[in-house]
>>> print(open('my_file.csv').read())   # CSV, C-alpha atoms
chain,number,residue,atom,x,y,z
A,1,MET,CA,58.8,200.8,-49.1
A,2,LYS,CA,56.7,200.6,-52.3
A,3,VAL,CA,54.5,203.6,-53.2
A,4,PHE,CA,51.5,203.4,-55.5
A,5,VAL,CA,51.3,206.6,-57.6
A,6,THR,CA,48.3,207.6,-59.7
A,7,GLY,CA,48.9,210.1,-62.5
A,8,ALA,CA,52.4,208.6,-62.5
A,9,THR,CA,53.2,209.8,-66.1
A,10,GLY,CA,51.7,213.3,-65.8
A,11,PHE,CA,53.6,216.5,-65.4
A,12,VAL,CA,53.6,216.4,-61.6
A,13,GLY,CA,53.3,212.6,-61.1
A,14,SER,CA,56.3,211.8,-63.3
A,15,ALA,CA,58.4,214.2,-61.1
A,16,VAL,CA,57.1,212.4,-58.0
A,17,VAL,CA,58.1,209.0,-59.4
A,18,LYS,CA,61.6,210.3,-60.1
A,19,GLU,CA,61.9,211.8,-56.6
A,20,LEU,CA,60.7,208.6,-54.9
A,21,ILE,CA,63.0,206.4,-56.9
A,22,SER,CA,66.0,208.7,-56.2
A,23,ALA,CA,65.2,208.5,-52.5
A,24,GLY,CA,65.3,204.7,-52.5
A,25,TYR,CA,61.6,203.9,-52.8
A,26,GLU,CA,60.0,201.3,-55.1
A,27,VAL,CA,57.2,202.8,-57.2
A,28,LEU,CA,54.1,201.1,-58.6
A,29,GLY,CA,52.7,203.5,-61.2
A,30,LEU,CA,49.2,203.5,-62.6
A,31,ALA,CA,49.2,203.3,-66.4
A,32,ARG,CA,46.1,203.5,-68.5
A,33,ASN,CA,47.8,202.6,-71.8
A,34,GLU,CA,51.0,201.2,-73.4
A,35,VAL,CA,52.5,204.6,-73.8
A,36,ALA,CA,52.2,205.3,-70.1
A,37,GLU,CA,53.5,201.8,-69.4
A,38,LYS,CA,56.6,202.3,-71.4
A,39,ALA,CA,57.3,205.6,-69.7
A,40,LEU,CA,57.1,204.0,-66.3
A,41,VAL,CA,59.4,201.2,-67.2
A,42,LEU,CA,61.9,203.7,-68.5
A,43,ALA,CA,61.7,205.6,-65.3
A,44,GLY,CA,62.4,202.5,-63.3
A,45,ALA,CA,58.9,201.9,-61.9
A,46,GLU,CA,56.7,198.9,-61.8
A,47,VAL,CA,53.5,199.1,-63.8
A,48,HIS,CA,49.9,198.6,-62.6
A,49,ARG,CA,47.5,198.8,-65.5
A,50,GLY,CA,44.2,200.6,-64.9
A,51,ASP,CA,42.6,204.1,-64.8
A,52,LEU,CA,40.9,206.4,-62.3
A,53,GLU,CA,37.5,205.0,-63.1
A,54,ASP,CA,38.5,201.4,-62.5
A,55,LEU,CA,38.0,201.4,-58.7
A,56,GLN,CA,38.8,197.7,-58.3
A,57,ARG,CA,42.2,198.2,-60.0
A,58,LEU,CA,42.9,201.3,-57.8
A,59,GLN,CA,42.2,199.3,-54.7
A,60,GLU,CA,44.4,196.5,-55.9
A,61,GLY,CA,47.2,199.0,-56.4
A,62,ALA,CA,46.8,200.4,-53.0
A,63,ARG,CA,46.8,197.0,-51.4
A,64,LEU,CA,50.0,196.1,-53.2
A,65,ALA,CA,51.8,199.1,-51.9
A,66,ASP,CA,53.0,200.5,-48.5
A,67,GLY,CA,51.8,204.0,-49.3
A,68,ILE,CA,49.8,205.9,-51.9
A,69,ILE,CA,50.3,209.3,-53.7
A,70,HIS,CA,47.2,210.3,-55.7
A,71,THR,CA,48.2,212.9,-58.3
A,72,GLY,CA,45.9,211.6,-61.1
A,73,PHE,CA,43.1,213.8,-62.3
A,74,ILE,CA,41.1,213.9,-65.6
A,75,HIS,CA,41.7,217.4,-66.9
A,76,ASP,CA,38.5,217.7,-69.0
A,77,PHE,CA,37.0,221.0,-68.1
A,78,SER,CA,34.1,220.4,-70.5
A,79,ARG,CA,32.7,217.9,-67.9
A,80,PHE,CA,34.3,219.3,-64.8
A,81,ALA,CA,31.6,218.2,-62.3
A,82,ALA,CA,31.8,214.6,-63.7
A,83,VAL,CA,35.6,214.3,-63.4
A,84,CYS,CA,35.5,215.8,-59.9
A,85,GLU,CA,33.0,213.0,-59.0
A,86,ILE,CA,35.4,210.5,-60.5
A,87,ASP,CA,38.1,211.9,-58.3
A,88,ARG,CA,36.0,211.7,-55.2
A,89,LEU,CA,35.1,208.1,-55.9
A,90,ALA,CA,38.7,207.2,-56.5
A,91,ILE,CA,39.8,208.8,-53.2
A,92,GLU,CA,37.0,207.0,-51.3
A,93,ALA,CA,37.8,203.6,-52.9
A,94,ILE,CA,41.5,203.8,-52.2
A,95,GLY,CA,40.9,205.0,-48.6
A,96,ASN,CA,38.5,202.2,-47.9
A,97,SER,CA,40.9,199.7,-49.2
A,98,ILE,CA,43.6,200.7,-46.7
A,99,ALA,CA,41.4,201.1,-43.6
A,100,GLY,CA,43.2,199.7,-40.5
A,101,THR,CA,46.6,199.4,-42.2
A,102,ASN,CA,48.2,202.8,-41.2
A,103,LYS,CA,49.4,203.2,-44.8
A,104,PRO,CA,50.0,206.9,-45.7
A,105,PHE,CA,47.8,208.2,-48.4
A,106,ILE,CA,48.4,211.6,-50.0
A,107,VAL,CA,45.6,213.3,-52.0
A,108,THR,CA,46.0,216.3,-54.3
A,109,SER,CA,43.9,219.4,-54.1
A,110,GLY,CA,44.5,223.1,-54.8
A,111,THR,CA,45.2,226.3,-52.8
A,112,LEU,CA,42.4,228.0,-54.7
A,113,MET,CA,39.9,225.8,-52.8
A,114,VAL,CA,40.5,227.8,-49.7
A,115,ASN,CA,39.6,231.4,-48.8
A,116,PRO,CA,39.9,233.3,-52.1
A,117,GLY,CA,40.9,236.9,-51.7
A,118,ILE,CA,42.6,236.5,-48.4
A,119,LEU,CA,45.9,234.6,-47.7
A,120,ALA,CA,45.1,230.9,-47.5
A,121,THR,CA,46.9,228.9,-44.8
A,122,GLU,CA,47.2,225.2,-44.2
A,123,ASP,CA,45.0,225.2,-41.1
A,124,MET,CA,42.0,226.5,-43.1
A,125,LEU,CA,39.3,224.1,-44.4
A,126,PRO,CA,37.4,224.8,-47.6
A,127,ASP,CA,33.8,226.2,-47.5
A,128,TYR,CA,32.1,222.9,-48.3
A,129,ASN,CA,28.9,224.9,-49.0
A,130,GLY,CA,30.6,226.4,-52.1
A,131,VAL,CA,29.6,225.5,-55.6
A,132,ASN,CA,33.0,224.3,-56.9
A,133,PRO,CA,32.6,220.5,-57.5
A,134,ARG,CA,36.4,220.1,-56.7
A,135,LEU,CA,35.6,220.6,-53.1
A,136,ALA,CA,34.4,217.0,-53.0
A,137,SER,CA,38.0,215.7,-53.0
A,138,GLU,CA,38.9,217.4,-49.7
A,139,LYS,CA,35.5,216.5,-48.2
A,140,ALA,CA,36.3,212.8,-49.0
A,141,VAL,CA,39.6,213.2,-47.2
A,142,ASP,CA,37.9,214.5,-44.1
A,143,LEU,CA,35.5,211.5,-44.1
A,144,LEU,CA,38.4,209.1,-44.3
A,145,ALA,CA,40.5,210.9,-41.7
A,146,ALA,CA,37.5,210.6,-39.3
A,147,GLN,CA,38.0,206.9,-39.6
A,148,ASP,CA,41.6,207.3,-38.5
A,149,ILE,CA,42.9,206.6,-42.0
A,150,ARG,CA,46.3,208.2,-42.5
A,151,VAL,CA,45.2,210.4,-45.4
A,152,SER,CA,46.7,213.9,-46.0
A,153,VAL,CA,46.3,216.6,-48.6
A,154,VAL,CA,48.8,218.4,-50.7
A,155,ARG,CA,47.2,221.6,-52.1
A,156,LEU,CA,49.1,222.7,-55.2
A,157,SER,CA,49.5,226.2,-56.5
A,158,PRO,CA,47.5,227.1,-59.6
A,159,SER,CA,50.8,227.4,-61.4
A,160,VAL,CA,53.0,224.3,-61.1
A,161,HIS,CA,55.6,225.3,-63.5
A,162,GLY,CA,58.8,224.0,-65.2
A,163,GLU,CA,60.2,222.3,-68.2
A,164,GLY,CA,57.5,220.1,-69.9
A,165,ASP,CA,54.5,222.1,-68.8
A,166,TYR,CA,52.4,221.9,-71.9
A,167,HIS,CA,48.8,221.8,-70.5
A,168,GLY,CA,48.9,223.9,-67.3
A,169,PHE,CA,47.4,227.4,-66.7
A,170,VAL,CA,50.4,229.3,-68.0
A,171,PRO,CA,50.4,227.5,-71.4
A,172,MET,CA,46.6,228.3,-71.6
A,173,LEU,CA,47.4,232.0,-71.1
A,174,ILE,CA,50.1,231.8,-73.8
A,175,SER,CA,47.7,230.1,-76.2
A,176,ILE,CA,45.0,232.7,-75.7
A,177,ALA,CA,47.6,235.5,-76.2
A,178,ARG,CA,48.8,234.0,-79.5
A,179,LYS,CA,45.2,233.5,-80.7
A,180,THR,CA,44.0,237.0,-79.8
A,181,GLY,CA,47.1,238.9,-80.6
A,182,PHE,CA,47.7,240.4,-77.1
A,183,SER,CA,48.5,239.2,-73.6
A,184,GLY,CA,45.5,240.1,-71.3
A,185,TYR,CA,44.7,240.4,-67.7
A,186,ILE,CA,41.5,241.5,-66.0
A,187,GLY,CA,41.0,245.0,-64.5
A,188,ASP,CA,44.2,246.2,-62.7
A,189,GLY,CA,45.7,242.8,-62.8
A,190,GLU,CA,46.6,242.9,-59.1
A,191,ASN,CA,44.8,239.6,-58.3
A,192,ARG,CA,47.3,236.9,-57.4
A,193,TRP,CA,48.3,233.3,-58.1
A,194,THR,CA,50.8,231.3,-56.2
A,195,GLY,CA,53.5,229.2,-57.8
A,196,ILE,CA,55.7,226.1,-57.3
A,197,HIS,CA,58.3,224.4,-59.5
A,198,ARG,CA,57.3,220.8,-60.3
A,199,LEU,CA,60.6,219.5,-58.8
A,200,ASP,CA,59.9,221.3,-55.5
A,201,ALA,CA,56.4,219.9,-55.6
A,202,ALA,CA,57.7,216.4,-56.1
A,203,LYS,CA,59.9,216.6,-53.0
A,204,LEU,CA,56.9,218.0,-51.0
A,205,TYR,CA,54.9,214.9,-51.9
A,206,ARG,CA,57.7,212.6,-50.7
A,207,LEU,CA,58.0,214.5,-47.4
A,208,ALA,CA,54.2,214.6,-46.9
A,209,LEU,CA,54.1,210.8,-47.5
A,210,GLU,CA,56.8,210.3,-44.9
A,211,GLN,CA,55.0,212.4,-42.2
A,212,ALA,CA,51.4,212.0,-43.1
A,213,THR,CA,48.8,212.3,-40.3
A,214,PRO,CA,45.0,212.0,-40.7
A,215,GLY,CA,43.5,215.1,-42.2
A,216,ALA,CA,46.8,217.1,-42.4
A,217,ARG,CA,47.0,219.8,-45.1
A,218,PHE,CA,50.2,220.8,-46.8
A,219,HIS,CA,50.7,223.7,-49.2
A,220,GLY,CA,52.7,223.4,-52.4
A,221,VAL,CA,53.5,227.1,-52.4
A,222,ALA,CA,57.0,228.5,-53.1
A,223,GLU,CA,55.7,231.9,-54.2
A,224,GLU,CA,52.9,233.3,-52.1
A,225,SER,CA,51.7,236.1,-54.4
A,226,ILE,CA,52.3,236.6,-58.2
A,227,PRO,CA,50.1,239.4,-59.7
A,228,LEU,CA,48.4,238.3,-62.9
A,229,LYS,CA,49.5,241.5,-64.6
A,230,ALA,CA,53.2,240.5,-64.0
A,231,ILE,CA,52.5,237.1,-65.7
A,232,ALA,CA,50.7,238.8,-68.6
A,233,GLU,CA,53.6,241.2,-69.0
A,234,ALA,CA,56.2,238.4,-69.1
A,235,ILE,CA,54.1,236.6,-71.7
A,236,GLY,CA,53.7,239.7,-73.8
A,237,GLU,CA,57.4,240.5,-73.7
A,238,LYS,CA,58.4,237.0,-74.9
A,239,LEU,CA,55.8,236.9,-77.7
A,240,GLY,CA,56.3,240.5,-78.7
A,241,LEU,CA,52.7,241.3,-78.2
A,242,PRO,CA,50.9,244.2,-76.5
A,243,VAL,CA,49.7,243.7,-72.9
A,244,VAL,CA,46.1,244.8,-72.4
A,245,SER,CA,43.8,245.3,-69.5
A,246,ILE,CA,40.4,243.6,-70.1
A,247,ALA,CA,37.2,244.9,-68.5
A,248,LYS,CA,35.5,242.4,-66.2
A,249,SER,CA,32.4,242.6,-68.5
A,250,GLU,CA,34.5,241.4,-71.4
A,251,ALA,CA,36.6,238.8,-69.6
A,252,THR,CA,34.4,235.7,-70.3
A,253,ALA,CA,34.3,236.5,-74.0
A,254,HIS,CA,38.1,236.7,-74.1
A,255,PHE,CA,39.1,233.9,-71.7
A,256,ASP,CA,36.1,231.6,-72.1
A,257,TRP,CA,35.8,229.0,-69.3
A,258,PHE,CA,39.3,230.0,-68.1
A,259,GLU,CA,38.1,233.4,-67.0
A,260,HIS,CA,37.4,232.2,-63.4
A,261,PHE,CA,41.0,231.2,-62.9
A,262,VAL,CA,42.4,234.4,-64.5
A,263,ALA,CA,40.1,236.5,-62.3
A,264,VAL,CA,40.6,234.7,-59.0
A,265,ASP,CA,42.6,236.3,-56.2
A,266,GLY,CA,44.3,233.4,-54.5
A,267,PRO,CA,47.3,234.2,-52.4
A,268,ALA,CA,48.4,231.4,-50.1
A,269,SER,CA,51.1,230.6,-47.6
A,270,GLY,CA,53.4,227.6,-47.4
A,271,ARG,CA,55.1,228.6,-44.2
A,272,LEU,CA,53.5,225.9,-42.0
A,273,THR,CA,54.4,223.3,-44.5
A,274,ARG,CA,58.0,224.4,-44.6
A,275,ALA,CA,58.2,224.3,-40.8
A,276,LEU,CA,56.4,221.0,-40.4
A,277,LEU,CA,58.2,219.1,-43.1
A,278,ASN,CA,61.5,221.0,-43.3
A,279,TRP,CA,60.7,221.6,-46.9
A,280,LYS,CA,62.9,224.2,-48.7
A,281,PRO,CA,61.9,225.1,-52.2
A,282,GLN,CA,65.0,225.7,-54.3
A,283,TYR,CA,64.1,225.8,-57.9
A,284,SER,CA,63.3,228.7,-60.2
A,285,SER,CA,60.3,230.9,-59.9
A,286,LEU,CA,57.4,231.2,-62.4
A,287,LEU,CA,58.6,234.6,-63.7
A,288,GLU,CA,62.2,233.2,-64.0
A,289,ASP,CA,60.9,230.3,-66.1
A,290,LEU,CA,59.0,232.7,-68.3
A,291,GLU,CA,62.1,234.9,-68.7
A,292,GLU,CA,64.2,231.8,-69.5
A,293,GLY,CA,61.8,231.1,-72.4
A,294,ILE,CA,61.1,227.4,-71.5
A,295,TYR,CA,57.4,228.1,-72.3
A,296,PHE,CA,58.1,229.4,-75.7
A,297,LYS,CA,60.2,226.7,-77.3
>>> encode(input="my_file.csv", output="structure tokens")
Amino acid sequence: MKVFVTGATGFVGSAVVKELISAGYEVLGLARNEVAEKALVLAGAEVHRGDLEDLQRLQEGARLADGIIHTGFIHDFSRFAAVCEIDRLAIEAIGNSIAGTNKPFIVTSGTLMVNPGILATEDMLPDYNGVNPRLASEKAVDLLAAQDIRVSVVRLSPSVHGEGDYHGFVPMLISIARKTGFSGYIGDGENRWTGIHRLDAAKLYRLALEQATPGARFHGVAEESIPLKAIAEAIGEKLGLPVVSIAKSEATAHFDWFEHFVAVDGPASGRLTRALLNWKPQYSSLLEDLEEGIYFK
């Protein structure tokens, strides 16, 4: 079986490629430049040149494969609404290209899209009346699933952690702490993130691909509830910086656009995913990775 992977050289996507190849799959990876192409060749994958805005090349890649895993996303928060629309169009184009084929198609979303403040579960749908433009990705999935296209969603934790995480949420917190001279959290810091190691996430994508059903949701959650205060304390300890509570009124000035993610309360469960896919996370936790110092090399 050949799998077309977008975002194939990214932090999550590169782990997915390795997981698939180790399990005996052939991989066709999307590469937008020569650097990505060389990385895919070294990983043992076949290369498909293109990018997320080239819908024709995305459809060609999907037609050349027996299944698709979409981990690609343009992480440009200065034009977040625009890149979310690019993602929606990419999902729509890939889905339309495999209509009637029964090819499995796995789309990436986030647990924070669902039910903030209360434990999010896999059977919950986002509130599509919300203002977050990222909601468009899951809505696109529902429209495809209604056509009996075998498209499912993996919702990732806000912290996908592990060696090589240079641009995720935890590195952002570390960068802000270094810049400001202290490690901060908002209020009492009892609001929560979830976490998953990138290698556990990679296995989840493979299992989801193998058992995809139209409209299914799977949660990439190994740790259901990590207080932001605990993360800030771990960062402060490693950097030798004080840990400070920041008033809500001062949070935007301190964290800038990232304030929303630091303030969100987003516990989520992965219990249904574990039961349905026989998925058993086995790698280190976020706080263990922080303690080991992999984020501070």
>>> closest_residue(input="my_file.csv", among="A:Leu40, A:Ile118, A:Ala230, A:Val141", to="Gly95 (chain A)", atoms="only C-alpha atoms")
A:Val141
>>> residues_around(input="my_file.csv", residues="Ala232 (chain A)", least_positions_apart="3", cutoff="10 Å", atoms="all atoms listed in the file", output="PDB file with C-alpha atoms, in the coordinates of the input")
ATOM      1  CA  VAL A 170      50.400 229.300 -68.000  1.00  0.00           C
ATOM      2  CA  LEU A 173      47.400 232.000 -71.100  1.00  0.00           C
ATOM      3  CA  ILE A 174      50.100 231.800 -73.800  1.00  0.00           C
ATOM      4  CA  ALA A 177      47.600 235.500 -76.200  1.00  0.00           C
ATOM      5  CA  PHE A 182      47.700 240.400 -77.100  1.00  0.00           C
ATOM      6  CA  SER A 183      48.500 239.200 -73.600  1.00  0.00           C
ATOM      7  CA  GLY A 184      45.500 240.100 -71.300  1.00  0.00           C
ATOM      8  CA  TYR A 185      44.700 240.400 -67.700  1.00  0.00           C
ATOM      9  CA  ILE A 186      41.500 241.500 -66.000  1.00  0.00           C
ATOM     10  CA  GLY A 189      45.700 242.800 -62.800  1.00  0.00           C
ATOM     11  CA  PRO A 227      50.100 239.400 -59.700  1.00  0.00           C
ATOM     12  CA  LEU A 228      48.400 238.300 -62.900  1.00  0.00           C
ATOM     13  CA  LYS A 229      49.500 241.500 -64.600  1.00  0.00           C
ATOM     14  CA  ILE A 235      54.100 236.600 -71.700  1.00  0.00           C
ATOM     15  CA  GLY A 236      53.700 239.700 -73.800  1.00  0.00           C
ATOM     16  CA  GLU A 237      57.400 240.500 -73.700  1.00  0.00           C
ATOM     17  CA  PRO A 242      50.900 244.200 -76.500  1.00  0.00           C
ATOM     18  CA  VAL A 243      49.700 243.700 -72.900  1.00  0.00           C
ATOM     19  CA  VAL A 244      46.100 244.800 -72.400  1.00  0.00           C
ATOM     20  CA  SER A 245      43.800 245.300 -69.500  1.00  0.00           C
TER      21      SER A 245
END
>>> closest_residue(input="my_file.csv", among="A:Trp257, A:Tyr128, A:Trp279, A:Phe73", to="Lys203 (chain A)", atoms="all atoms listed in the file")
A:Trp279
>>> closest_residue(input="my_file.csv", among="A:Asn129, A:Thr71, A:Thr101, A:Ser284", to="Gly162 (chain A)", atoms="all atoms listed in the file")
A:Ser284
>>> closest_residue(input="my_file.csv", among="A:Lys179, A:Arg63, A:His70, A:Arg217", to="Gly100 (chain A)", atoms="only C-alpha atoms")
A:Arg63
>>> closest_residue(input="my_file.csv", among="A:Ser109, A:Ile68, A:Asp265, A:Glu163", to="Ala212 (chain A)", atoms="all atoms listed in the file")
A:Ile68
>>> atom_distance(input="my_file.csv", atom1="CA of Ala15 (chain A)", atom2="CA of Asp200 (chain A)")
9.2 Å
>>> residues_around(input="my_file.csv", residues="Leu207 (chain A)", least_positions_apart="3", cutoff="10 Å", atoms="only C-alpha atoms", output="PyMOL selection string")
chain A and resi 20+201-204+210-212+273+276-279
>>> atom_distance(input="my_file.csv", atom1="CA of Gly164 (chain A)", atom2="CA of Phe11 (chain A)")
7.0 Å
>>> closest_residue(input="my_file.csv", among="A:Ala43, A:Ile196, A:Ala146, A:Val160", to="Tyr283 (chain A)", atoms="all atoms listed in the file")
A:Ile196
>>> residues_around(input="my_file.csv", residues="Ala45 (chain A)", least_positions_apart="5", cutoff="10 Å", atoms="all atoms listed in the file", output="JSON, numbers by chain")
{"A": [2, 3, 4, 5, 8, 17, 18, 20, 21, 25, 26, 27, 28, 29, 30, 37, 38, 39, 40]}
>>> residues_around(input="my_file.csv", residues="Glu291 (chain A)", least_positions_apart="3", cutoff="10 Å", atoms="only C-alpha atoms", output="mmCIF file with C-alpha atoms, in the frame of the given file")
data_model
loop_
_atom_site.group_PDB
_atom_site.id
_atom_site.type_symbol
_atom_site.label_atom_id
_atom_site.label_comp_id
_atom_site.auth_asym_id
_atom_site.auth_seq_id
_atom_site.Cartn_x
_atom_site.Cartn_y
_atom_site.Cartn_z
ATOM 1 C CA ALA A 234 56.200 238.400 -69.100
ATOM 2 C CA ILE A 235 54.100 236.600 -71.700
ATOM 3 C CA GLU A 237 57.400 240.500 -73.700
ATOM 4 C CA LYS A 238 58.400 237.000 -74.900
ATOM 5 C CA SER A 285 60.300 230.900 -59.900
ATOM 6 C CA LEU A 286 57.400 231.200 -62.400
ATOM 7 C CA LEU A 287 58.600 234.600 -63.700
ATOM 8 C CA GLU A 288 62.200 233.200 -64.000
ATOM 9 C CA ILE A 294 61.100 227.400 -71.500
ATOM 10 C CA TYR A 295 57.400 228.100 -72.300
ATOM 11 C CA PHE A 296 58.100 229.400 -75.700
#
>>> axis_aligned_box(input="my_file.csv", around="region 264-274 of chain A", padding_each_side="8 Å", output="JSON")
{"center_x": 49.3, "center_y": 229.8, "center_z": -50.5, "size_x": 33.4, "size_y": 29.0, "size_z": 33.0}
>>> residues_around(input="my_file.csv", residues="His254 (chain A)", least_positions_apart="5", cutoff="9 Å", atoms="all atoms listed in the file", output="PDB file with C-alpha atoms, keeping the file's coordinate frame")
ATOM      1  CA  ILE A 176      45.000 232.700 -75.700  1.00  0.00           C
ATOM      2  CA  THR A 180      44.000 237.000 -79.800  1.00  0.00           C
ATOM      3  CA  GLY A 184      45.500 240.100 -71.300  1.00  0.00           C
ATOM      4  CA  ILE A 246      40.400 243.600 -70.100  1.00  0.00           C
ATOM      5  CA  GLU A 259      38.100 233.400 -67.000  1.00  0.00           C
TER       6      GLU A 259
END
>>> atom_distance(input="my_file.csv", atom1="CA of Val35 (chain A)", atom2="CA of Gly7 (chain A)")
13.1 Å
>>> residues_near_point(input="my_file.csv", point="(44.1, 218.3, -53.4)", cutoff="10 Å", atoms="all atoms listed in the file", output="ChimeraX atom specification")
/A:70-71,106-113,134-138,141,152-156,217-219
>>> write_last_selection(input="my_file.csv", atoms="C-alpha atoms", output="PDB file, in the frame of the given file")
ATOM      1  CA  HIS A  70      47.200 210.300 -55.700  1.00  0.00           C
ATOM      2  CA  THR A  71      48.200 212.900 -58.300  1.00  0.00           C
ATOM      3  CA  ILE A 106      48.400 211.600 -50.000  1.00  0.00           C
ATOM      4  CA  VAL A 107      45.600 213.300 -52.000  1.00  0.00           C
ATOM      5  CA  THR A 108      46.000 216.300 -54.300  1.00  0.00           C
ATOM      6  CA  SER A 109      43.900 219.400 -54.100  1.00  0.00           C
ATOM      7  CA  GLY A 110      44.500 223.100 -54.800  1.00  0.00           C
ATOM      8  CA  THR A 111      45.200 226.300 -52.800  1.00  0.00           C
ATOM      9  CA  LEU A 112      42.400 228.000 -54.700  1.00  0.00           C
ATOM     10  CA  MET A 113      39.900 225.800 -52.800  1.00  0.00           C
ATOM     11  CA  ARG A 134      36.400 220.100 -56.700  1.00  0.00           C
ATOM     12  CA  LEU A 135      35.600 220.600 -53.100  1.00  0.00           C
ATOM     13  CA  ALA A 136      34.400 217.000 -53.000  1.00  0.00           C
ATOM     14  CA  SER A 137      38.000 215.700 -53.000  1.00  0.00           C
ATOM     15  CA  GLU A 138      38.900 217.400 -49.700  1.00  0.00           C
ATOM     16  CA  VAL A 141      39.600 213.200 -47.200  1.00  0.00           C
ATOM     17  CA  SER A 152      46.700 213.900 -46.000  1.00  0.00           C
ATOM     18  CA  VAL A 153      46.300 216.600 -48.600  1.00  0.00           C
ATOM     19  CA  VAL A 154      48.800 218.400 -50.700  1.00  0.00           C
ATOM     20  CA  ARG A 155      47.200 221.600 -52.100  1.00  0.00           C
ATOM     21  CA  LEU A 156      49.100 222.700 -55.200  1.00  0.00           C
ATOM     22  CA  ARG A 217      47.000 219.800 -45.100  1.00  0.00           C
ATOM     23  CA  PHE A 218      50.200 220.800 -46.800  1.00  0.00           C
ATOM     24  CA  HIS A 219      50.700 223.700 -49.200  1.00  0.00           C
TER      25      HIS A 219
END
